[in-house]
>>> print(open('target_13.cif').read())   # mmCIF, C-alpha atoms
data_upload
#
loop_
_atom_site.label_atom_id
_atom_site.label_comp_id
_atom_site.auth_asym_id
_atom_site.auth_seq_id
_atom_site.Cartn_x
_atom_site.Cartn_y
_atom_site.Cartn_z
CA MET A 717 16.53 -3.46 214.40
CA LYS A 718 18.01 -6.73 213.17
CA ASN A 719 20.35 -4.91 210.80
CA SER A 720 21.60 -2.40 213.37
CA ASN A 721 25.34 -2.30 213.99
CA ASP A 722 25.30 0.00 217.01
CA LEU A 723 23.17 -1.87 219.58
CA LEU A 724 24.77 -2.80 222.90
CA ASN A 725 23.98 -5.20 225.71
CA GLY A 726 21.36 -3.50 227.92
CA ASP A 727 19.90 -1.22 225.23
CA MET A 728 16.12 -0.90 224.87
CA VAL A 729 14.64 -0.78 221.38
CA ILE A 730 11.12 0.34 220.53
CA THR A 731 9.83 -0.65 217.10
CA LEU A 732 6.95 1.02 215.30
CA GLY A 733 5.75 -2.21 213.68
CA TYR A 734 6.79 -5.77 212.82
CA TYR A 735 7.02 -5.40 209.02
CA ALA A 736 6.29 -1.68 208.68
CA ALA A 737 5.42 1.24 210.92
CA GLY A 738 1.80 1.15 212.00
CA ASP A 739 1.11 -2.51 211.21
CA GLY A 740 0.21 -3.32 214.83
CA GLY A 741 3.37 -5.28 215.55
CA ASN A 742 5.08 -2.48 217.46
CA ALA A 743 6.97 -3.67 220.53
CA LYS A 744 9.75 -3.06 223.02
CA TYR A 745 12.84 -5.26 223.09
CA ILE A 746 15.73 -5.53 225.50
CA ILE A 747 19.09 -6.15 223.88
CA ARG A 748 21.20 -8.71 225.71
CA THR A 749 24.09 -11.08 225.17
CA LYS A 750 23.17 -14.29 223.37
CA THR A 751 23.32 -17.49 225.41
CA GLU A 752 23.78 -21.11 224.32
CA THR A 753 20.12 -21.82 225.06
CA ASP A 754 18.71 -18.97 222.93
CA THR A 755 16.75 -20.03 219.87
CA GLU A 756 15.76 -17.42 217.34
CA ASN A 757 12.05 -17.53 216.61
CA ASN A 758 11.62 -14.07 215.06
CA GLY A 759 8.89 -13.34 217.56
CA THR A 760 10.08 -13.20 221.14
CA ILE A 761 13.77 -13.68 220.28
CA HIS A 762 15.58 -12.03 217.35
CA PHE A 763 19.31 -12.57 216.79
CA ILE A 764 21.32 -9.37 216.32
CA GLY A 765 24.62 -10.28 214.74
CA ASN A 766 26.57 -13.14 216.32
CA THR A 767 26.60 -12.08 219.95
CA LEU A 768 23.34 -10.28 220.81
CA VAL A 769 19.62 -10.98 220.91
CA ALA A 770 16.60 -8.70 221.05
CA GLU A 771 14.13 -10.18 223.53
CA LEU A 772 10.50 -9.06 223.45
CA VAL A 773 9.40 -7.16 226.54
CA VAL A 774 5.92 -8.46 227.36
CA GLU A 775 3.78 -5.57 228.58
CA ASN A 776 0.55 -5.94 230.52
CA ASN A 777 1.12 -9.71 230.53
CA THR A 778 -0.09 -9.84 226.91
CA ILE A 779 1.46 -10.56 223.52
CA ASN A 780 -0.30 -9.26 220.42
CA ILE A 781 -0.12 -11.92 217.70
CA ARG A 782 1.08 -9.17 215.34
CA GLN A 783 4.20 -8.79 217.53
CA LEU A 784 5.04 -12.37 216.51
CA GLY A 785 4.71 -11.52 212.80
CA ALA A 786 1.13 -12.63 212.10
CA ARG A 787 -0.91 -10.78 209.49
CA SER A 788 -4.64 -10.79 208.91
CA GLN A 789 -6.16 -11.03 205.45
CA ASP A 790 -4.80 -8.23 203.28
CA LYS A 791 -6.58 -6.03 200.74
CA GLN A 792 -5.71 -8.29 197.79
CA ASN A 793 -7.54 -11.19 199.50
CA ASN A 794 -4.29 -12.96 200.30
CA LYS A 795 -4.67 -15.36 203.19
CA TYR A 796 -1.99 -15.71 205.84
CA ASP A 797 -2.00 -18.81 208.02
CA ILE A 798 -1.57 -17.72 211.65
CA ALA A 799 -1.04 -21.25 212.98
CA PRO A 800 2.79 -20.86 213.00
CA PHE A 801 2.46 -17.67 215.04
CA ILE A 802 0.18 -19.34 217.56
CA GLN A 803 2.83 -22.08 217.82
CA LYS A 804 5.49 -19.40 218.50
CA TYR A 805 3.33 -18.19 221.36
CA LEU A 806 2.84 -21.71 222.75
CA ASN A 807 6.59 -22.38 222.54
CA TYR A 808 7.22 -19.11 224.40
CA LEU A 809 4.83 -20.19 227.18
CA ASP A 810 7.09 -23.19 227.79
CA THR A 811 9.96 -20.81 228.64
CA VAL A 812 8.29 -18.48 231.14
CA PRO A 813 6.99 -19.19 234.66
CA ASN A 814 3.94 -16.89 234.46
CA LYS A 815 0.97 -17.10 232.14
CA VAL A 816 0.99 -14.64 229.26
CA LYS A 817 -2.17 -13.90 227.29
CA LEU A 818 -2.28 -13.92 223.49
CA TYR A 819 -4.28 -11.07 221.98
CA ILE A 820 -5.72 -11.60 218.49
CA PRO A 821 -7.25 -8.35 217.18
CA THR A 822 -10.63 -8.29 215.51
CA GLY A 823 -10.33 -9.17 211.84
CA VAL A 824 -10.23 -12.02 209.35
CA TRP A 825 -7.60 -14.57 210.34
CA TYR A 826 -6.76 -17.99 208.88
#
>>> encode(input="target_13.cif", output="structure tokens")
Amino acid sequence: MKNSNDLLNGDMVITLGYYAAGDGGNAKYIIRTKTETDTENNGTIHFIGNTLVAELVVENNTINIRQLGARSQDKQNNKYDIAPFIQKYLNYLDTVPNKVKLYIPTGVWY
């Protein structure tokens, strides 16, 4: 999505994952014109070129932590700290008037 050259203001993008298809980070984004107040956080806001952003469409009033880029422990026993992704969520809450739930799937998280 971020490398696309043919997205336009008003387009809707549906991803199949955050890093790869099927990783649980699938989401919908609305493409819109970038404003001066936009800050890219690679979770709820992704910059697309110099003039557009992809903004996460929150469905069912819930964000899955995987949609923000968090990963659970992988098969090689690598540990991924999810604290930065929880902070992305908290920063997002400061920008919206309604409460949005954070869903953390069952698994091993650090």
>>> residues_around(input="target_13.cif", residues="Gly741 in chain A", least_positions_apart="3", cutoff="12 Å", atoms="all atoms listed in the file", output="list in words")
Ile730, Thr731, Leu732, Gly733, Tyr734, Tyr735, Ala736, Ala737, Gly738, Lys744, Gly759, Thr760, Leu772, Ile779, Asn780, Ile781, Arg782, Gln783, Leu784, Gly785, Ala786, Arg787, Ser788, Tyr819, Ile820 and Pro821 of chain A
>>> atom_distance(input="target_13.cif", atom1="CA of Thr755 in chain A", atom2="CA of Ala743 in chain A")
19.1 Å
>>> closest_residue(input="target_13.cif", among="A:Tyr808, A:Ile761, A:Pro813, A:Ile802", to="Trp825 in chain A", atoms="only C-alpha atoms")
A:Ile802
>>> resolve_selection(input="target_13.cif", expression="the PyMOL selection byres ((chain A and resi 721) around 12)", output="PDB file with C-alpha atoms, in the coordinates of the input")
ATOM      1  CA  MET A 717      16.530  -3.460 214.400  1.00  0.00           C
ATOM      2  CA  LYS A 718      18.010  -6.730 213.170  1.00  0.00           C
ATOM      3  CA  ASN A 719      20.350  -4.910 210.800  1.00  0.00           C
ATOM      4  CA  SER A 720      21.600  -2.400 213.370  1.00  0.00           C
ATOM      5  CA  ASP A 722      25.300   0.000 217.010  1.00  0.00           C
ATOM      6  CA  LEU A 723      23.170  -1.870 219.580  1.00  0.00           C
ATOM      7  CA  LEU A 724      24.770  -2.800 222.900  1.00  0.00           C
ATOM      8  CA  ILE A 764      21.320  -9.370 216.320  1.00  0.00           C
ATOM      9  CA  GLY A 765      24.620 -10.280 214.740  1.00  0.00           C
ATOM     10  CA  ASN A 766      26.570 -13.140 216.320  1.00  0.00           C
ATOM     11  CA  THR A 767      26.600 -12.080 219.950  1.00  0.00           C
ATOM     12  CA  LEU A 768      23.340 -10.280 220.810  1.00  0.00           C
TER      13      LEU A 768
END
>>> atom_distance(input="target_13.cif", atom1="CA of Leu806 in chain A", atom2="CA of Met728 in chain A")
24.8 Å
>>> closest_residue(input="target_13.cif", among="A:Ile746, A:Tyr805, A:Asp739, A:Val816", to="Gly726 in chain A", atoms="all atoms listed in the file")
A:Ile746
